[in-house]
>>> print(open('data-v2.txt').read())   # compact mmCIF, C-alpha atoms
# COMPACT_ATOMS: atom_id res chain seq x y z
CA MET Z 6 -20.60 277.19 -25.90
CA GLU Z 7 -22.12 276.03 -29.18
CA LEU Z 8 -20.37 278.55 -31.45
CA LEU Z 9 -17.00 277.39 -30.15
CA LYS Z 10 -17.82 273.69 -30.40
CA ARG Z 11 -18.96 274.13 -33.99
CA ARG Z 12 -15.74 275.96 -34.78
CA ILE Z 13 -13.65 273.18 -33.23
CA GLN Z 14 -15.59 270.60 -35.25
CA GLU Z 15 -15.09 272.58 -38.45
CA ASP Z 16 -11.55 273.88 -38.14
CA GLY Z 17 -9.84 271.83 -35.42
CA VAL Z 18 -7.48 269.10 -36.57
CA VAL Z 19 -6.96 265.97 -34.47
CA LYS Z 20 -3.49 264.42 -34.57
CA GLY Z 21 -3.14 261.00 -33.02
CA SER Z 22 -5.21 260.46 -29.90
CA ASP Z 23 -4.40 263.56 -27.86
CA VAL Z 24 -3.32 266.52 -29.99
CA LEU Z 25 -6.02 268.98 -31.06
CA LYS Z 26 -4.66 271.66 -33.37
CA VAL Z 27 -6.73 274.84 -33.25
CA ASP Z 28 -4.07 277.19 -34.49
CA SER Z 29 -6.21 278.49 -37.36
CA PHE Z 30 -8.44 280.39 -34.92
CA LEU Z 31 -7.25 280.10 -31.31
CA ASN Z 32 -3.54 279.98 -30.63
CA HIS Z 33 -1.55 281.10 -33.65
CA GLN Z 34 -3.99 282.85 -35.92
CA MET Z 35 -6.57 284.37 -33.58
CA ASP Z 36 -10.18 285.02 -34.59
CA ILE Z 37 -10.92 288.15 -32.60
CA ALA Z 38 -14.67 288.08 -33.28
CA LEU Z 39 -14.74 284.60 -31.72
CA PHE Z 40 -12.58 285.84 -28.82
CA GLN Z 41 -15.21 288.52 -28.13
CA GLU Z 42 -17.89 285.84 -27.83
CA ILE Z 43 -15.58 283.80 -25.59
CA GLY Z 44 -14.89 286.83 -23.39
CA LYS Z 45 -18.60 287.58 -23.13
CA GLU Z 46 -19.29 284.00 -22.09
CA PHE Z 47 -16.59 284.07 -19.38
CA TYR Z 48 -18.11 287.30 -18.15
CA THR Z 49 -21.57 285.74 -17.97
CA ARG Z 50 -20.19 282.90 -15.87
CA PHE Z 51 -18.02 284.96 -13.50
CA ALA Z 52 -19.81 288.34 -13.53
CA ASP Z 53 -20.85 288.28 -9.86
CA CYS Z 54 -17.46 287.23 -8.45
CA GLY Z 55 -15.86 290.63 -7.95
CA VAL Z 56 -12.98 289.85 -10.32
CA ASN Z 57 -10.46 292.72 -10.30
CA LYS Z 58 -7.58 291.03 -12.14
CA ILE Z 59 -7.08 288.36 -14.78
CA LEU Z 60 -4.01 286.13 -14.73
CA THR Z 61 -2.81 284.10 -17.69
CA ILE Z 62 0.44 282.59 -18.97
CA GLU Z 63 2.32 283.42 -22.12
CA ALA Z 64 1.86 283.15 -24.96
CA SER Z 65 -1.43 281.73 -26.19
CA GLY Z 66 -3.52 282.76 -23.18
CA ILE Z 67 -2.73 286.46 -23.59
CA GLY Z 68 -5.09 287.34 -26.43
CA ILE Z 69 -8.09 285.63 -24.88
CA ALA Z 70 -7.31 287.16 -21.49
CA CYS Z 71 -7.09 290.70 -22.92
CA ILE Z 72 -10.35 290.48 -24.84
CA THR Z 73 -12.05 288.94 -21.79
CA ALA Z 74 -10.70 291.66 -19.48
CA GLN Z 75 -12.66 294.28 -21.40
CA PHE Z 76 -15.89 292.81 -20.04
CA PHE Z 77 -14.57 292.75 -16.47
CA GLN Z 78 -12.93 296.18 -16.88
CA CYS Z 79 -9.82 294.97 -15.13
CA PRO Z 80 -6.12 294.60 -15.95
CA VAL Z 81 -4.40 291.40 -17.10
CA VAL Z 82 -1.14 290.01 -15.75
CA PHE Z 83 0.61 287.36 -17.79
CA ALA Z 84 3.06 285.03 -16.11
CA LYS Z 85 6.29 284.66 -18.05
CA LYS Z 86 8.26 281.59 -18.90
CA SER Z 87 11.69 282.57 -17.68
CA LYS Z 88 14.70 281.75 -19.79
CA THR Z 89 17.18 282.80 -17.16
CA SER Z 90 17.80 281.51 -13.69
CA ASN Z 91 18.18 285.19 -12.89
CA LEU Z 92 15.31 285.17 -10.42
CA ASP Z 93 15.22 288.02 -7.95
CA ASP Z 94 13.14 288.88 -4.92
CA SER Z 95 10.78 291.03 -6.93
CA LEU Z 96 9.28 287.92 -8.56
CA TYR Z 97 6.95 285.11 -7.61
CA HIS Z 98 8.42 281.93 -8.99
CA THR Z 99 6.95 278.53 -9.74
CA ARG Z 100 7.71 275.59 -11.98
CA VAL Z 101 5.40 274.16 -14.63
CA ALA Z 102 5.85 270.75 -16.20
CA SER Z 103 4.64 270.22 -19.74
CA PHE Z 104 3.60 266.71 -20.68
CA THR Z 105 3.28 267.75 -24.31
CA HIS Z 106 6.81 269.07 -24.59
CA ALA Z 107 8.39 266.92 -21.85
CA THR Z 108 9.93 269.98 -20.24
CA VAL Z 109 9.82 271.89 -16.98
CA SER Z 110 9.65 275.68 -17.22
CA ASP Z 111 10.40 278.33 -14.66
CA VAL Z 112 7.42 280.66 -14.57
CA VAL Z 113 7.49 284.08 -12.94
CA ALA Z 114 5.28 287.06 -12.21
CA ALA Z 115 6.21 290.37 -10.59
CA ARG Z 116 5.20 290.66 -6.94
CA ALA Z 117 4.15 294.26 -7.58
CA TYR Z 118 1.12 293.23 -9.62
CA LEU Z 119 -0.50 290.50 -7.52
CA GLY Z 120 -1.34 290.78 -3.84
CA PRO Z 121 -3.91 290.04 -1.11
CA GLU Z 122 -6.26 292.72 -2.48
CA ASP Z 123 -6.74 290.81 -5.73
CA ARG Z 124 -9.68 288.60 -6.71
CA VAL Z 125 -8.27 286.78 -9.68
CA LEU Z 126 -9.78 284.94 -12.62
CA ILE Z 127 -7.29 282.68 -14.40
CA ILE Z 128 -7.79 282.44 -18.16
CA ASP Z 129 -6.11 279.91 -20.44
CA ASP Z 130 -6.68 278.33 -23.83
CA PHE Z 131 -6.28 274.67 -22.80
CA LEU Z 132 -6.67 272.49 -19.73
CA ALA Z 133 -5.38 268.93 -19.93
CA ASN Z 134 -3.25 267.69 -17.05
CA GLY Z 135 -3.65 270.95 -15.20
CA GLU Z 136 0.03 271.75 -14.75
CA ALA Z 137 -0.12 275.32 -16.05
CA LEU Z 138 -3.20 276.02 -13.94
CA ARG Z 139 -1.52 274.61 -10.83
CA GLY Z 140 1.50 276.82 -11.50
CA LEU Z 141 -0.66 279.93 -11.75
CA MET Z 142 -2.53 278.88 -8.58
CA ASP Z 143 0.80 278.52 -6.81
CA ILE Z 144 1.67 282.10 -7.78
CA LEU Z 145 -1.68 283.31 -6.41
CA ARG Z 146 -1.06 281.43 -3.15
CA GLN Z 147 2.32 283.13 -2.79
CA ALA Z 148 0.62 286.47 -3.48
CA GLY Z 149 -2.11 285.87 -0.92
CA ALA Z 150 -4.58 286.67 -3.71
CA GLU Z 151 -7.99 285.07 -3.94
CA LEU Z 152 -8.62 282.65 -6.80
CA VAL Z 153 -12.14 283.19 -8.07
CA GLY Z 154 -11.91 280.43 -10.66
CA ALA Z 155 -10.49 279.46 -14.01
CA GLY Z 156 -11.98 280.14 -17.42
CA ILE Z 157 -10.72 277.62 -19.96
CA VAL Z 158 -11.50 277.64 -23.66
CA ILE Z 159 -10.94 273.93 -24.37
CA GLU Z 160 -10.72 271.24 -21.71
CA LYS Z 161 -9.47 267.80 -22.63
CA ALA Z 162 -11.86 266.09 -20.24
CA PHE Z 163 -10.24 262.72 -20.98
CA GLN Z 164 -7.11 263.94 -19.22
CA PRO Z 165 -7.18 264.21 -15.43
CA GLY Z 166 -6.45 267.89 -14.68
CA GLY Z 167 -9.98 269.26 -14.67
CA ALA Z 168 -11.52 266.48 -12.58
CA GLN Z 169 -8.72 266.60 -9.99
CA LEU Z 170 -8.84 270.37 -9.62
CA ARG Z 171 -12.64 270.46 -9.32
CA GLN Z 172 -12.40 267.79 -6.62
CA GLU Z 173 -10.00 270.09 -4.78
CA GLY Z 174 -12.67 272.78 -4.90
CA VAL Z 175 -11.45 274.93 -7.77
CA ARG Z 176 -14.22 276.43 -9.87
CA ILE Z 177 -13.41 275.70 -13.49
CA GLU Z 178 -15.59 276.86 -16.35
CA SER Z 179 -14.59 275.26 -19.64
CA LEU Z 180 -16.37 276.45 -22.76
CA ALA Z 181 -15.78 273.22 -24.69
CA ARG Z 182 -15.09 269.91 -22.95
CA VAL Z 183 -13.66 267.23 -25.21
CA ALA Z 184 -14.70 263.74 -24.06
CA SER Z 185 -12.66 261.90 -26.66
CA MET Z 186 -11.07 262.43 -30.02
CA SER Z 187 -9.40 260.52 -32.81
CA GLU Z 188 -8.28 261.16 -36.36
CA ALA Z 189 -11.03 258.85 -37.63
CA GLU Z 190 -13.94 260.08 -35.51
CA GLY Z 191 -12.91 263.67 -34.86
CA VAL Z 192 -13.90 265.40 -31.64
CA VAL Z 193 -16.66 264.20 -29.30
CA PHE Z 194 -17.75 266.71 -26.66
CA ALA Z 195 -18.60 265.78 -23.09
CA ASP Z 196 -21.86 267.71 -22.88
CA MET R 29 -0.60 310.22 -28.15
CA GLU R 30 -0.80 312.39 -25.03
CA LEU R 31 -2.56 309.87 -22.76
CA LEU R 32 0.22 307.36 -23.41
CA LYS R 33 3.04 309.85 -22.95
CA ARG R 34 1.56 310.97 -19.62
CA ARG R 35 1.34 307.35 -18.53
CA ILE R 36 4.97 306.72 -19.48
CA GLN R 37 6.02 309.82 -17.54
CA GLU R 38 4.04 308.73 -14.50
CA ASP R 39 4.58 304.98 -14.40
CA GLY R 40 7.58 304.22 -16.62
CA VAL R 41 10.88 303.54 -14.89
CA VAL R 42 14.17 304.38 -16.58
CA LYS R 43 17.11 302.08 -15.81
CA GLY R 44 20.50 303.26 -16.96
CA SER R 45 20.48 305.02 -20.31
CA ASP R 46 18.46 302.68 -22.47
CA VAL R 47 16.04 300.52 -20.47
CA LEU R 48 12.50 301.82 -20.07
CA LYS R 49 10.43 299.59 -17.84
CA VAL R 50 6.72 299.86 -18.56
CA ASP R 51 5.69 296.53 -17.14
CA SER R 52 3.13 298.04 -14.78
CA PHE R 53 0.81 298.86 -17.69
CA LEU R 54 2.16 297.62 -21.04
CA ASN R 55 4.09 294.37 -21.12
CA HIS R 56 3.56 292.38 -17.95
CA GLN R 57 0.55 293.90 -16.24
CA MET R 58 -1.60 295.21 -19.08
CA ASP R 59 -3.99 298.15 -18.71
CA ILE R 60 -6.75 297.12 -21.07
CA ALA R 61 -8.52 300.49 -20.98
CA LEU R 62 -5.27 302.08 -22.19
CA PHE R 63 -4.93 299.33 -24.83
CA GLN R 64 -8.37 300.29 -26.15
CA GLU R 65 -7.21 303.88 -26.61
CA ILE R 66 -4.02 302.64 -28.27
CA GLY R 67 -6.02 300.40 -30.60
CA LYS R 68 -8.35 303.24 -31.51
CA GLU R 69 -5.37 305.47 -32.30
CA PHE R 70 -3.77 302.83 -34.55
CA TYR R 71 -7.12 302.49 -36.30
CA THR R 72 -7.32 306.24 -36.86
CA ARG R 73 -3.88 306.19 -38.45
CA PHE R 74 -4.31 303.11 -40.64
CA ALA R 75 -8.10 303.07 -41.21
CA ASP R 76 -7.97 303.65 -44.96
CA CYS R 77 -5.26 301.08 -45.74
CA GLY R 78 -7.43 298.00 -46.30
CA VAL R 79 -5.77 296.08 -43.46
CA ASN R 80 -7.13 292.52 -43.35
CA LYS R 81 -4.60 290.97 -40.95
CA ILE R 82 -2.45 292.03 -38.03
CA LEU R 83 0.93 290.41 -37.40
CA THR R 84 2.80 290.58 -34.12
CA ILE R 85 5.40 288.57 -32.22
CA GLU R 86 5.06 286.82 -28.91
CA ALA R 87 4.68 287.64 -26.14
CA SER R 88 4.20 291.29 -25.32
CA GLY R 89 2.80 292.33 -28.69
CA ILE R 90 -0.14 289.93 -28.51
CA GLY R 91 -2.43 291.83 -26.16
CA ILE R 92 -2.07 295.15 -27.99
CA ALA R 93 -2.53 293.42 -31.34
CA CYS R 94 -5.74 291.67 -30.23
CA ILE R 95 -7.35 294.80 -28.82
CA THR R 96 -6.32 296.75 -31.94
CA ALA R 97 -7.72 294.06 -34.25
CA GLN R 98 -11.21 294.69 -32.90
CA PHE R 99 -11.20 298.09 -34.61
CA PHE R 100 -9.98 296.65 -37.91
CA GLN R 101 -12.29 293.61 -37.56
CA CYS R 102 -9.53 291.32 -38.71
CA PRO R 103 -7.63 288.33 -37.29
CA VAL R 104 -4.23 288.45 -35.61
CA VAL R 105 -1.30 286.14 -36.31
CA PHE R 106 1.50 286.05 -33.79
CA ALA R 107 4.93 284.87 -34.86
CA LYS R 108 6.44 282.40 -32.42
CA LYS R 109 9.90 282.20 -31.00
CA SER R 110 10.81 278.63 -31.77
CA LYS R 111 12.57 276.57 -29.15
CA THR R 112 13.19 273.64 -31.45
CA SER R 113 15.15 273.38 -34.64
CA ASN R 114 12.22 271.25 -35.72
CA LEU R 115 11.29 273.55 -38.58
CA ASP R 116 9.16 272.06 -41.28
CA ASP R 117 7.91 273.19 -44.67
CA SER R 118 4.63 274.43 -43.25
CA LEU R 119 6.41 277.36 -41.60
CA TYR R 120 7.94 280.65 -42.63
CA HIS R 121 11.19 281.01 -40.76
CA THR R 122 13.37 283.98 -39.94
CA ARG R 123 15.96 284.92 -37.34
CA VAL R 124 15.74 287.85 -34.96
CA ALA R 125 18.69 289.23 -33.01
CA SER R 126 18.06 290.87 -29.66
CA PHE R 127 20.51 293.53 -28.58
CA THR R 128 18.91 293.63 -25.13
CA HIS R 129 19.34 289.93 -24.48
CA ALA R 130 22.36 289.33 -26.73
CA THR R 131 20.62 286.38 -28.36
CA VAL R 132 19.39 285.28 -31.76
CA SER R 133 15.97 283.65 -31.91
CA ASP R 134 14.39 281.48 -34.56
CA VAL R 135 10.99 282.99 -35.31
CA VAL R 136 8.29 281.15 -37.23
CA ALA R 137 4.77 281.61 -38.54
CA ALA R 138 2.56 279.07 -40.30
CA ARG R 139 2.38 279.47 -44.06
CA ALA R 140 -1.33 278.74 -43.94
CA TYR R 141 -2.14 282.08 -42.29
CA LEU R 142 -0.17 284.60 -44.36
CA GLY R 143 -0.23 284.87 -48.14
CA PRO R 144 -0.37 287.22 -51.15
CA GLU R 145 -4.00 288.12 -50.40
CA ASP R 146 -3.03 289.75 -47.11
CA ARG R 147 -2.61 293.45 -46.39
CA VAL R 148 -0.82 293.37 -43.08
CA LEU R 149 -0.36 295.82 -40.25
CA ILE R 150 2.49 294.89 -37.92
CA ILE R 151 1.88 295.79 -34.26
CA ASP R 152 4.52 295.72 -31.53
CA ASP R 153 5.13 297.28 -28.15
CA PHE R 154 8.67 298.60 -28.75
CA LEU R 155 10.87 299.68 -31.63
CA ALA R 156 14.56 300.26 -30.92
CA ASN R 157 17.07 298.72 -33.30
CA GLY R 158 14.30 297.35 -35.48
CA GLU R 159 15.37 293.72 -35.44
CA ALA R 160 11.97 292.27 -34.51
CA LEU R 161 10.27 294.44 -37.11
CA ARG R 162 12.76 293.35 -39.79
CA GLY R 163 12.10 289.72 -38.87
CA LEU R 164 8.35 290.16 -39.26
CA MET R 165 8.88 292.00 -42.55
CA ASP R 166 11.00 289.09 -43.75
CA ILE R 167 8.12 286.71 -43.00
CA LEU R 168 5.75 288.95 -44.98
CA ARG R 169 8.16 289.00 -47.91
CA GLN R 170 8.28 285.21 -47.92
CA ALA R 171 4.48 285.17 -47.80
CA GLY R 172 4.15 287.61 -50.67
CA ALA R 173 1.89 289.64 -48.38
CA GLU R 174 1.69 293.41 -48.53
CA LEU R 175 3.07 295.37 -45.59
CA VAL R 176 0.79 298.33 -44.93
CA GLY R 177 2.92 299.65 -42.10
CA ALA R 178 3.89 299.19 -38.49
CA GLY R 179 2.08 300.48 -35.43
CA ILE R 180 4.48 300.81 -32.51
CA VAL R 181 3.53 301.82 -28.98
CA ILE R 182 6.93 303.16 -27.85
CA GLU R 183 9.80 304.00 -30.19
CA LYS R 184 13.24 304.64 -28.78
CA ALA R 185 14.01 307.31 -31.33
CA PHE R 186 17.60 307.58 -30.07
CA GLN R 187 18.21 304.09 -31.43
CA PRO R 188 18.52 303.67 -35.17
CA GLY R 189 15.77 301.22 -36.14
CA GLY R 190 12.95 303.65 -36.83
CA ALA R 191 14.99 306.12 -38.87
CA GLN R 192 16.56 303.37 -41.00
CA LEU R 193 13.27 301.66 -41.73
CA ARG R 194 11.50 304.91 -42.61
CA GLN R 195 14.35 305.71 -44.99
CA GLU R 196 13.72 302.35 -46.63
CA GLY R 197 10.12 303.43 -47.18
CA VAL R 198 8.37 301.59 -44.35
CA ARG R 199 5.45 303.50 -42.86
CA ILE R 200 5.93 303.48 -39.10
CA GLU R 201 3.46 305.10 -36.73
CA SER R 202 4.83 305.29 -33.18
CA LEU R 203 2.47 306.56 -30.50
CA ALA R 204 5.28 307.77 -28.22
CA ARG R 205 8.76 308.57 -29.52
CA VAL R 206 11.42 308.81 -26.84
CA ALA R 207 14.18 311.25 -27.80
CA SER R 208 16.31 310.60 -24.75
CA MET R 209 16.07 309.25 -21.26
CA SER R 210 18.08 308.95 -18.08
CA GLU R 211 17.48 307.99 -14.48
CA ALA R 212 18.04 311.61 -13.42
CA GLU R 213 15.96 313.38 -16.08
CA GLY R 214 13.38 310.71 -16.90
CA VAL R 215 11.91 310.47 -20.37
CA VAL R 216 12.04 313.23 -22.99
CA PHE R 217 9.76 312.75 -25.99
CA ALA R 218 10.71 313.62 -29.56
CA ASP R 219 7.53 315.50 -30.42
>>> encode(input="data-v2.txt", output="structure tokens")
Amino acid sequence: MELLKRRIQEDGVVKGSDVLKVDSFLNHQMDIALFQEIGKEFYTRFADCGVNKILTIEASGIGIACITAQFFQCPVVFAKKSKTSNLDDSLYHTRVASFTHATVSDVVAARAYLGPEDRVLIIDDFLANGEALRGLMDILRQAGAELVGAGIVIEKAFQPGGAQLRQEGVRIESLARVASMSEAEGVVFAD
Amino acid sequence: MELLKRRIQEDGVVKGSDVLKVDSFLNHQMDIALFQEIGKEFYTRFADCGVNKILTIEASGIGIACITAQFFQCPVVFAKKSKTSNLDDSLYHTRVASFTHATVSDVVAARAYLGPEDRVLIIDDFLANGEALRGLMDILRQAGAELVGAGIVIEKAFQPGGAQLRQEGVRIESLARVASMSEAEGVVFAD
């Protein structure tokens, strides 16, 4: 998606060799006009898949998921990072490791809102090692829901998550795939 | 807003005397068609205020804020609940108490995205004791930004936040004001 790649080139900030800060337009301040173009693009790619629910994870996936859901005319469920170990039977539960923050989070979603009748598109802002995506997939497996695919805004294609998951048969559509980046050279896209 | 009140009557679940669960349509599963009506209503109420930015707080305010921002054609900033004490000079910082969870959170927003040029509408899903709203107002004060008002989806009018803040001169527009509620009687609206 050229508009997005240009925006990353212009306003993204590379820190070290693997941090890409896009918080001026994507995951802290959110450019809603850009989100509309992103949502439209996800719809173009997944329009014929019978999507009836979008699943994302708090917090930075929520805005993109909601704008995207307007095109699919479906509800959004966001999985929550649980702060309590107070997990009851009404919840699906999985664990998500974060390489960036060196933590493991408990992630939950209410059983009431995901089930075998659902054809689900996962939406998230970033894909790197794929841990968040695997966590959401685990929730869908528990729900017996069908995973249609994952719409990702920025994939760090130099990290292994995307390649591994595609090899396992997951359809992943990433709107900008970063092949490499550095403070000196900036961002180089994969395609 | 009648559509919203009907939805709360139909799908909201009262627990005890002060918990109103609306996670089937507002803050876990999100009904985007309803959010569009909510956004349109906030726009009707604040259309002539020169809003150029919307501020909310993660996580459940984000979806409503993003859909609402489409009507104002402005960006959204969401304040983050910080898990680290790693606060640097690039951030506004405030503290927000939660009566519900009996916790105090550090809440931050990047200085880069809020300043004296901003006329800000705060959007949130709930108003009860007003602590989250006061935290966001504190961030705006630090930024020198102008607070236009607050758009709230559900106000628990039997808790003191809304009345106190209005007395202090804050313009608050709540789309559904709950006067009282109980498991036996359900929800009674204030107007």
>>> interface_residues(input="data-v2.txt", of="chain R", to="chain Z", cutoff="7 Å", atoms="all atoms listed in the file", output="mmCIF file with C-alpha atoms, in the coordinates of the input")
data_model
loop_
_atom_site.group_PDB
_atom_site.id
_atom_site.type_symbol
_atom_site.label_atom_id
_atom_site.label_comp_id
_atom_site.auth_asym_id
_atom_site.auth_seq_id
_atom_site.Cartn_x
_atom_site.Cartn_y
_atom_site.Cartn_z
ATOM 1 C CA HIS R 56 3.560 292.380 -17.950
ATOM 2 C CA GLN R 57 0.550 293.900 -16.240
ATOM 3 C CA MET R 58 -1.600 295.210 -19.080
ATOM 4 C CA ASP R 59 -3.990 298.150 -18.710
ATOM 5 C CA ILE R 60 -6.750 297.120 -21.070
ATOM 6 C CA GLU R 86 5.060 286.820 -28.910
ATOM 7 C CA ALA R 87 4.680 287.640 -26.140
ATOM 8 C CA ILE R 90 -0.140 289.930 -28.510
ATOM 9 C CA GLY R 91 -2.430 291.830 -26.160
ATOM 10 C CA CYS R 94 -5.740 291.670 -30.230
ATOM 11 C CA ILE R 95 -7.350 294.800 -28.820
ATOM 12 C CA ALA R 97 -7.720 294.060 -34.250
ATOM 13 C CA GLN R 98 -11.210 294.690 -32.900
ATOM 14 C CA PRO R 103 -7.630 288.330 -37.290
ATOM 15 C CA VAL R 104 -4.230 288.450 -35.610
ATOM 16 C CA VAL R 105 -1.300 286.140 -36.310
ATOM 17 C CA PHE R 106 1.500 286.050 -33.790
ATOM 18 C CA TYR R 141 -2.140 282.080 -42.290
#
>>> residues_near_point(input="data-v2.txt", point="(7.9, 302.1, -43.9)", cutoff="12 Å", atoms="all atoms listed in the file", output="MDAnalysis selection string")
chainID R and resid 149:150 158 161:162 165 174:180 189:202
>>> residues_around(input="data-v2.txt", residues="region 95-108 of chain Z", least_positions_apart="5", cutoff="6 Å", atoms="only C-alpha atoms", output="number ranges by chain")
Z: 113-116, 136-137, 140
>>> residues_around(input="data-v2.txt", residues="Ala218 (chain R)", least_positions_apart="5", cutoff="10 Å", atoms="only C-alpha atoms", output="PyMOL selection string")
chain R and resi 183-186+204-208
>>> residues_around(input="data-v2.txt", residues="Leu31 (chain R)", least_positions_apart="3", cutoff="9 Å", atoms="all atoms listed in the file", output="ChimeraX atom specification")
/R:34-36,62,65
>>> atom_distance(input="data-v2.txt", atom1="CA of Ala52 (chain Z)", atom2="CA of Pro165 (chain Z)")
27.3 Å
>>> atom_distance(input="data-v2.txt", atom1="CA of Ala212 (chain R)", atom2="CA of Gly40 (chain R)")
13.2 Å
>>> atom_distance(input="data-v2.txt", atom1="CA of Glu190 (chain Z)", atom2="CA of Leu25 (chain Z)")
12.7 Å
